[in-house]
file input-v4.txt (compact mmCIF, C-alpha atoms and all ligand atoms)
# COMPACT_ATOMS: atom_id res chain seq x y z
CA MET A 9 314.99 168.90 44.76
CA GLY A 10 316.38 172.30 45.46
CA ARG A 11 315.48 175.17 43.22
CA ASN A 12 316.68 178.65 43.20
CA ILE A 13 319.11 178.38 46.09
CA SER A 14 320.11 181.91 46.93
CA ARG A 15 323.68 182.82 47.66
CA PRO A 16 324.75 185.26 50.36
CA GLY A 17 326.48 188.49 49.47
CA THR A 18 324.26 189.25 46.50
CA GLU A 19 323.40 192.71 45.27
CA ASN A 20 320.14 192.55 47.22
CA ASP A 21 322.00 191.84 50.43
CA ARG A 22 324.20 194.84 49.90
CA LYS A 23 321.18 197.05 49.19
CA ARG A 24 319.57 195.78 52.38
CA SER A 25 322.71 196.46 54.39
CA LEU A 26 322.74 199.98 53.03
CA LYS A 27 319.12 200.47 53.96
CA LEU A 28 319.61 199.12 57.46
CA ALA A 29 322.74 201.11 58.05
CA LEU A 30 321.18 204.51 57.33
CA GLY A 31 322.96 206.97 59.55
CA VAL A 32 325.77 204.55 60.27
CA ALA A 33 329.13 205.58 58.92
CA VAL A 34 330.45 202.16 58.06
CA VAL A 35 328.34 199.93 55.88
CA ALA A 36 328.95 196.22 55.99
CA THR A 37 328.74 194.57 52.62
CA ALA A 38 329.63 191.08 53.71
CA THR A 39 326.48 189.36 54.90
CA ALA A 40 327.87 185.85 54.91
CA GLY A 41 329.37 186.22 58.36
CA LEU A 42 326.88 183.72 59.78
CA ALA A 43 327.27 183.53 63.54
CA VAL A 44 329.39 186.64 63.71
CA PRO A 45 327.12 189.69 63.40
CA SER A 46 328.40 192.68 61.49
CA ALA A 47 330.10 195.22 63.73
CA ALA A 48 328.78 198.05 61.58
CA ALA A 49 325.07 197.61 62.07
CA PRO A 50 324.17 195.40 65.01
CA ALA A 51 320.42 194.89 65.03
CA PRO A 52 318.36 194.66 68.20
CA ALA A 53 316.55 191.36 68.64
CA ASP A 54 313.21 192.94 67.79
CA ASN A 55 314.42 194.74 64.69
CA CYS A 56 312.73 193.16 61.68
CA GLY A 57 313.41 196.00 59.24
CA GLY A 58 315.20 193.59 56.92
CA GLY A 59 312.03 191.58 56.53
CA TYR A 60 310.78 188.11 57.31
CA VAL A 61 311.69 184.57 56.33
CA GLY A 62 309.71 181.38 56.72
CA LEU A 63 311.49 178.58 58.56
CA THR A 64 309.69 175.31 57.80
CA TYR A 65 310.15 171.83 59.25
CA ASP A 66 308.47 168.89 57.50
CA ASP A 67 307.52 165.30 58.25
CA GLY A 68 306.93 165.48 62.01
CA PRO A 69 305.92 165.20 64.65
CA ALA A 70 308.55 162.63 65.56
CA GLN A 71 309.36 161.04 68.90
CA GLY A 72 312.86 161.96 69.99
CA PHE A 73 313.07 165.04 67.76
CA THR A 74 310.08 167.35 68.00
CA SER A 75 310.60 168.23 71.67
CA SER A 76 314.25 169.13 71.02
CA LEU A 77 313.29 171.09 67.92
CA LEU A 78 310.71 173.12 69.84
CA SER A 79 313.17 173.78 72.69
CA ALA A 80 315.82 175.04 70.27
CA LEU A 81 313.36 177.29 68.44
CA ARG A 82 312.06 178.78 71.68
CA GLN A 83 315.50 179.24 73.22
CA ASN A 84 316.56 181.20 70.16
CA GLY A 85 313.40 183.26 69.94
CA VAL A 86 312.27 182.07 66.52
CA ARG A 87 308.95 180.69 65.35
CA ALA A 88 308.49 178.26 62.50
CA THR A 89 305.88 176.52 60.38
CA LEU A 90 305.72 172.78 60.95
CA PHE A 91 304.24 170.76 58.09
CA ASN A 92 302.97 167.67 59.87
CA ILE A 93 302.28 164.32 58.30
CA GLY A 94 298.70 163.48 59.31
CA GLN A 95 299.31 159.97 60.57
CA ASN A 96 302.30 161.18 62.62
CA ALA A 97 300.09 163.88 64.11
CA GLN A 98 297.40 161.39 65.05
CA ASN A 99 299.97 159.04 66.62
CA ASN A 100 301.71 161.85 68.54
CA ALA A 101 298.88 164.16 69.51
CA SER A 102 300.72 165.51 72.56
CA LEU A 103 303.60 166.64 70.34
CA VAL A 104 301.16 168.47 68.06
CA SER A 105 299.76 170.23 71.13
CA ALA A 106 303.32 171.06 72.18
CA GLU A 107 303.98 172.59 68.74
CA LYS A 108 300.94 174.81 69.08
CA ASN A 109 301.77 175.74 72.69
CA ALA A 110 305.31 176.68 71.63
CA GLY A 111 303.84 179.28 69.27
CA MET A 112 304.49 177.42 66.04
CA TRP A 113 302.24 177.38 62.98
CA ILE A 114 301.05 173.95 61.88
CA GLY A 115 300.59 173.03 58.23
CA ASN A 116 299.29 169.98 56.36
CA HIS A 117 301.83 167.67 54.67
CA SER A 118 299.39 164.87 53.63
CA TRP A 119 298.39 161.80 55.60
CA THR A 120 301.01 159.23 54.45
CA HIS A 121 303.53 161.32 52.42
CA PRO A 122 302.87 159.68 49.03
CA HIS A 123 303.81 160.95 45.58
CA LEU A 124 300.42 162.63 45.31
CA THR A 125 300.64 163.47 41.62
CA GLN A 126 300.68 159.73 40.95
CA THR A 127 297.44 159.15 42.88
CA SER A 128 293.80 159.69 41.95
CA GLN A 129 291.93 162.86 42.78
CA SER A 130 289.88 161.04 45.40
CA GLN A 131 293.06 159.77 47.07
CA MET A 132 294.45 163.31 47.05
CA LEU A 133 291.30 164.54 48.74
CA SER A 134 291.45 161.77 51.34
CA GLU A 135 295.14 162.42 52.12
CA LEU A 136 294.57 166.13 52.67
CA GLN A 137 291.18 165.91 54.35
CA ARG A 138 292.16 163.29 56.94
CA THR A 139 295.13 165.42 57.91
CA GLN A 140 292.97 168.54 58.21
CA GLN A 141 290.59 166.66 60.49
CA ALA A 142 293.29 165.11 62.69
CA ILE A 143 295.06 168.44 63.27
CA GLN A 144 291.77 170.25 63.86
CA GLN A 145 290.80 167.57 66.37
CA ILE A 146 294.02 168.10 68.33
CA THR A 147 294.54 171.85 68.08
CA GLY A 148 291.03 173.14 67.44
CA THR A 149 292.18 174.76 64.21
CA ALA A 150 292.40 173.35 60.70
CA PRO A 151 295.60 174.23 58.82
CA ARG A 152 295.53 176.90 56.10
CA LEU A 153 298.85 175.88 54.55
CA PHE A 154 299.72 172.73 52.62
CA ARG A 155 303.09 171.50 51.45
CA PRO A 156 302.95 168.70 48.89
CA PRO A 157 305.38 165.83 49.66
CA TYR A 158 308.57 166.15 47.55
CA GLY A 159 307.29 169.53 46.34
CA GLU A 160 305.38 167.68 43.62
CA THR A 161 302.19 169.37 42.48
CA SER A 162 299.70 169.44 39.62
CA ALA A 163 296.57 171.25 38.49
CA THR A 164 294.45 168.45 39.98
CA LEU A 165 296.20 168.67 43.32
CA LYS A 166 295.84 172.44 43.35
CA SER A 167 292.10 172.11 42.79
CA VAL A 168 291.87 169.74 45.78
CA GLU A 169 293.85 172.21 47.89
CA ARG A 170 291.46 175.01 46.89
CA GLN A 171 288.50 172.84 47.79
CA LEU A 172 289.87 172.55 51.34
CA GLY A 173 290.86 176.21 51.63
CA LEU A 174 294.58 175.37 51.64
CA THR A 175 297.40 177.50 50.25
CA GLU A 176 300.24 175.56 48.67
CA VAL A 177 303.72 176.37 49.99
CA ILE A 178 306.79 174.95 48.27
CA TRP A 179 310.16 176.60 49.11
CA ASP A 180 312.76 179.02 47.79
CA VAL A 181 315.77 177.46 49.52
CA ASP A 182 316.31 173.75 50.15
CA SER A 183 318.53 173.20 53.20
CA GLN A 184 319.35 169.70 51.89
CA ASP A 185 319.16 168.39 55.46
CA TRP A 186 317.33 165.36 54.07
CA ASN A 187 320.34 164.75 51.80
CA GLY A 188 323.03 164.61 54.48
CA ALA A 189 323.88 168.30 54.70
CA SER A 190 326.04 169.24 57.70
CA THR A 191 324.94 171.81 60.26
CA ALA A 192 327.37 174.30 58.69
CA GLN A 193 325.88 173.69 55.24
CA ILE A 194 322.33 174.14 56.55
CA VAL A 195 323.36 177.41 58.23
CA GLN A 196 325.09 178.58 55.05
CA ARG A 197 322.01 177.91 52.90
CA ALA A 198 319.72 179.67 55.38
CA SER A 199 322.01 182.71 55.30
CA GLY A 200 320.94 183.29 51.68
CA LEU A 201 317.25 183.76 52.53
CA GLN A 202 315.75 187.01 51.30
CA ASN A 203 312.67 188.87 52.55
CA GLY A 204 309.54 186.79 52.06
CA GLN A 205 311.37 183.58 51.24
CA VAL A 206 310.83 180.12 52.68
CA ILE A 207 313.40 177.44 53.53
CA LEU A 208 312.78 173.68 53.59
CA MET A 209 314.05 171.77 56.61
CA HIS A 210 312.87 168.63 58.42
CA ASP A 211 311.81 167.54 61.89
CA GLY A 212 314.03 164.49 62.25
CA TYR A 213 317.71 165.47 61.97
CA SER A 214 319.98 166.57 64.82
CA THR A 215 322.06 168.52 62.29
CA THR A 216 318.95 170.61 61.60
CA ILE A 217 318.26 171.24 65.29
CA GLN A 218 321.91 172.20 65.87
CA ALA A 219 321.70 174.78 63.07
CA ILE A 220 319.01 176.82 64.83
CA PRO A 221 321.23 179.04 67.06
CA GLN A 222 323.37 180.12 64.09
CA ILE A 223 320.36 180.61 61.80
CA ALA A 224 318.75 182.83 64.44
CA ALA A 225 321.98 184.80 64.95
CA ASN A 226 322.43 185.31 61.23
CA LEU A 227 318.87 186.60 60.83
CA ARG A 228 319.42 189.04 63.72
CA SER A 229 322.65 190.23 62.14
CA ARG A 230 320.71 191.07 58.98
CA GLY A 231 317.83 192.76 60.81
CA MET A 232 315.52 189.95 59.75
CA CYS A 233 313.01 187.87 61.70
CA ALA A 234 311.38 184.48 61.39
CA GLY A 235 307.80 185.13 60.36
CA MET A 236 304.62 183.29 59.55
CA ILE A 237 303.68 182.19 56.06
CA SER A 238 300.73 184.15 54.76
CA PRO A 239 297.78 181.96 53.71
CA SER A 240 296.96 184.69 51.18
CA THR A 241 300.30 184.81 49.39
CA GLY A 242 302.34 181.81 50.59
CA ARG A 243 305.16 184.24 51.45
CA ALA A 244 306.82 184.93 54.81
CA VAL A 245 305.35 187.94 56.61
CA ALA A 246 305.16 189.47 60.08
CA PRO A 247 303.29 187.24 62.55
CA ALA A 248 299.62 188.20 62.80
ZN ZN B 301 308.08 165.63 53.48
call {"tool": "encode", "arguments": {"input": "input-v4.txt", "output": "structure tokens"}}
result
Amino acid sequence: MGRNISRPGTENDRKRSLKLALGVAVVATATAGLAVPSAAAPAPADNCGGGYVGLTYDDGPAQGFTSSLLSALRQNGVRATLFNIGQNAQNNASLVSAEKNAGMWIGNHSWTHPHLTQTSQSQMLSELQRTQQAIQQITGTAPRLFRPPYGETSATLKSVERQLGLTEVIWDVDSQDWNGASTAQIVQRASGLQNGQVILMHDGYSTTIQAIPQIAANLRSRGMCAGMISPSTGRAVAPA
């Protein structure tokens, strides 16, 4: 499922380190230090000069997970986009409200999580529209972002998304949390995120929740911040 998984320590990382370290004598080239921030260029918590990444959590809200996920995100000062499954949202309305109150962005992830490209256009419309309505009912706002289940899309699906004013968001980095990745592996994959990129994670794994402190620390060490995903471009940007 993963595509284009970025590796840390690339040429771009080194260029970014150079940029961030302007005026600093020692330039750190190793950016894979994860929880241990570089001694050369410590970045203040509000320094986002390295850019923004989109942390995304799919398939919630889920009893027993969403509250812990939100606590971890808030404790570590990061905001994320939560792609909710419509029927989960309807069945757990208070958790959807909690997501919104915690400052998260809420996206549409279909009503029942089917392989949409194998369904009819009218089923696609129903899956997306019901979810729009349920989330709007709970939060007062209809989502602007849509993530197709399994990342599977088609021209027909894209036309349905356009009809509902939704921007499709896939991902640049797959954390593989759905595939049994350890917390360390999730942290390692997130450490490869570049400015504007989006990582796939899920609301439903304790390994994923446990990765949040180290993901947040690694972003800080690179002068990067967790941003929102722009409905115009589908890329991570500064929160509006
Ligand atoms: Zn999903």
call {"tool": "residues_near_ligand", "arguments": {"input": "input-v4.txt", "ligand": "ligand ZN 301 (chain B)", "cutoff": "10 Å", "atoms": "all atoms listed in the file", "output": "list in words"}}
result
Tyr65, Asp66, Asp67, Gly68, Phe91, Asn92, Ile93, His117, Ser118, Thr120, His121, Pro122, Arg155, Pro156, Pro157, Tyr158, Gly159, Trp186, Leu208, Met209, His210 and Asp211 of chain A
call {"tool": "residues_around", "arguments": {"input": "input-v4.txt", "residues": "Asn109 in chain A", "least_positions_apart": "5", "cutoff": "12 Å", "atoms": "only C-alpha atoms", "output": "MDAnalysis selection string"}}
result
chainID A and resid 75 78:79 82 87 102:104 114 146:147
call {"tool": "closest_residue", "arguments": {"input": "input-v4.txt", "among": "A:Thr164, A:Asn55, A:Gln184, A:Thr64", "to": "Gln131 in chain A", "atoms": "all atoms listed in the file"}}
result
A:Thr164
call {"tool": "residues_around", "arguments": {"input": "input-v4.txt", "residues": "Gly62 in chain A", "least_positions_apart": "6", "cutoff": "6 Å", "atoms": "only C-alpha atoms", "output": "ChimeraX atom specification"}}
result
/A:206,234-235,244
call {"tool": "atom_distance", "arguments": {"input": "input-v4.txt", "atom1": "CA of Ile194 in chain A", "atom2": "CA of Val181 in chain A"}}
result
10.2 Å
call {"tool": "residues_around", "arguments": {"input": "input-v4.txt", "residues": "Ala189 in chain A", "least_positions_apart": "6", "cutoff": "10 Å", "atoms": "all atoms listed in the file", "output": "PyMOL selection string"}}
result
chain A and resi 183+195+197+213+215-216
call {"tool": "write_last_selection", "arguments": {"input": "input-v4.txt", "atoms": "C-alpha atoms", "output": "CSV table (one decimal), keeping the file's coordinate frame"}}
result
chain,number,residue,atom,x,y,z
A,183,SER,CA,318.5,173.2,53.2
A,195,VAL,CA,323.4,177.4,58.2
A,197,ARG,CA,322.0,177.9,52.9
A,213,TYR,CA,317.7,165.5,62.0
A,215,THR,CA,322.1,168.5,62.3
A,216,THR,CA,319.0,170.6,61.6
call {"tool": "residues_around", "arguments": {"input": "input-v4.txt", "residues": "Thr175 in chain A", "least_positions_apart": "2", "cutoff": "9 Å", "atoms": "only C-alpha atoms", "output": "ChimeraX atom specification"}}
result
/A:152-155,166,169-170,173,177,238-242
call {"tool": "atom_distance", "arguments": {"input": "input-v4.txt", "atom1": "CA of Met112 in chain A", "atom2": "CA of Leu133 in chain A"}}
result
25.3 Å
call {"tool": "atom_distance", "arguments": {"input": "input-v4.txt", "atom1": "CA of Ala219 in chain A", "atom2": "CA of Glu160 in chain A"}}
result
26.4 Å
call {"tool": "closest_residue", "arguments": {"input": "input-v4.txt", "among": "A:Gln126, A:Asn100, A:Thr139, A:Gln83", "to": "Thr161 in chain A", "atoms": "only C-alpha atoms"}}
result
A:Gln126
call {"tool": "axis_aligned_box", "arguments": {"input": "input-v4.txt", "around": "range 64-76 of chain A", "padding_each_side": "5 Å", "output": "AutoDock Vina command-line options"}}
result
--center_x 310.1 --center_y 168.2 --center_z 64.6 --size_x 18.3 --size_y 24.3 --size_z 24.2
call {"tool": "residues_near_point", "arguments": {"input": "input-v4.txt", "point": "(301.7, 162.3, 70.6)", "cutoff": "12 Å", "atoms": "all atoms listed in the file", "output": "JSON, numbers by chain"}}
result
{"A": [68, 69, 70, 71, 72, 74, 75, 94, 95, 96, 97, 98, 99, 100, 101, 102, 103, 104, 105, 106, 107, 142, 143, 146]}
call {"tool": "closest_residue", "arguments": {"input": "input-v4.txt", "among": "A:Phe73, A:Trp119, A:Trp179, A:Trp113", "to": "Met236 in chain A", "atoms": "only C-alpha atoms"}}
result
A:Trp113
call {"tool": "closest_residue", "arguments": {"input": "input-v4.txt", "among": "A:Leu124, A:Gln205, A:Pro221, A:Lys108", "to": "Thr149 in chain A", "atoms": "only C-alpha atoms"}}
result
A:Lys108
call {"tool": "residues_near_point", "arguments": {"input": "input-v4.txt", "point": "(291.2, 167.7, 45.2)", "cutoff": "6 Å", "atoms": "only C-alpha atoms", "output": "PDB file with C-alpha atoms, in the coordinates of the input"}}
result
ATOM      1  CA  GLN A 129     291.930 162.860  42.780  1.00  0.00           C
ATOM      2  CA  MET A 132     294.450 163.310  47.050  1.00  0.00           C
ATOM      3  CA  LEU A 133     291.300 164.540  48.740  1.00  0.00           C
ATOM      4  CA  LEU A 165     296.200 168.670  43.320  1.00  0.00           C
ATOM      5  CA  SER A 167     292.100 172.110  42.790  1.00  0.00           C
ATOM      6  CA  VAL A 168     291.870 169.740  45.780  1.00  0.00           C
ATOM      7  CA  GLU A 169     293.850 172.210  47.890  1.00  0.00           C
TER       8      GLU A 169
END
call {"tool": "closest_residue", "arguments": {"input": "input-v4.txt", "among": "A:Ser229, A:Gln171, A:Asn187, A:Gln144", "to": "Cys56 in chain A", "atoms": "all atoms listed in the file"}}
result
A:Ser229
call {"tool": "build_atoms", "arguments": {"input": "input-v4.txt", "residues": "range 178-191 of chain A", "atoms": "N, CA, C and O atoms", "output": "short mmCIF file (atom, residue, chain, number, x, y, z; two decimals), in the coordinates of the input"}}
result
data_model
loop_
_atom_site.label_atom_id
_atom_site.label_comp_id
_atom_site.auth_asym_id
_atom_site.auth_seq_id
_atom_site.Cartn_x
_atom_site.Cartn_y
_atom_site.Cartn_z
N ILE A 178 305.63 175.78 48.60
CA ILE A 178 306.79 174.95 48.27
C ILE A 178 307.98 175.54 49.05
O ILE A 178 307.88 175.66 50.25
N TRP A 179 309.05 175.95 48.39
CA TRP A 179 310.16 176.60 49.11
C TRP A 179 311.04 177.33 48.11
O TRP A 179 311.01 177.04 46.90
N ASP A 180 311.78 178.30 48.61
CA ASP A 180 312.76 179.02 47.79
C ASP A 180 314.15 178.44 47.97
O ASP A 180 314.95 178.44 47.04
N VAL A 181 314.45 178.00 49.19
CA VAL A 181 315.77 177.46 49.52
C VAL A 181 315.58 176.08 50.13
O VAL A 181 314.77 175.89 51.02
N ASP A 182 316.32 175.11 49.61
CA ASP A 182 316.31 173.75 50.15
C ASP A 182 317.55 173.57 51.01
O ASP A 182 318.67 173.65 50.51
N SER A 183 317.37 173.34 52.30
CA SER A 183 318.53 173.20 53.20
C SER A 183 319.33 171.95 52.90
O SER A 183 320.48 171.83 53.30
N GLN A 184 318.71 170.99 52.21
CA GLN A 184 319.35 169.70 51.89
C GLN A 184 319.62 168.88 53.15
O GLN A 184 320.46 167.95 53.11
N ASP A 185 318.94 169.19 54.24
CA ASP A 185 319.16 168.39 55.46
C ASP A 185 318.78 166.92 55.23
O ASP A 185 319.41 166.02 55.78
N TRP A 186 317.77 166.71 54.40
CA TRP A 186 317.33 165.36 54.07
C TRP A 186 318.39 164.60 53.26
O TRP A 186 318.35 163.38 53.17
N ASN A 187 319.35 165.34 52.71
CA ASN A 187 320.34 164.75 51.80
C ASN A 187 321.72 164.71 52.45
O ASN A 187 322.73 164.68 51.76
N GLY A 188 321.75 164.75 53.78
CA GLY A 188 323.03 164.61 54.48
C GLY A 188 323.80 165.88 54.70
O GLY A 188 324.99 165.83 55.06
N ALA A 189 323.16 167.04 54.49
CA ALA A 189 323.88 168.30 54.70
C ALA A 189 324.35 168.41 56.15
O ALA A 189 323.65 167.98 57.07
N SER A 190 325.53 169.01 56.34
CA SER A 190 326.04 169.24 57.70
C SER A 190 325.34 170.45 58.30
O SER A 190 324.69 171.23 57.60
N THR A 191 325.49 170.62 59.61
CA THR A 191 324.94 171.81 60.26
C THR A 191 325.48 173.07 59.60
O THR A 191 324.71 174.00 59.31
#
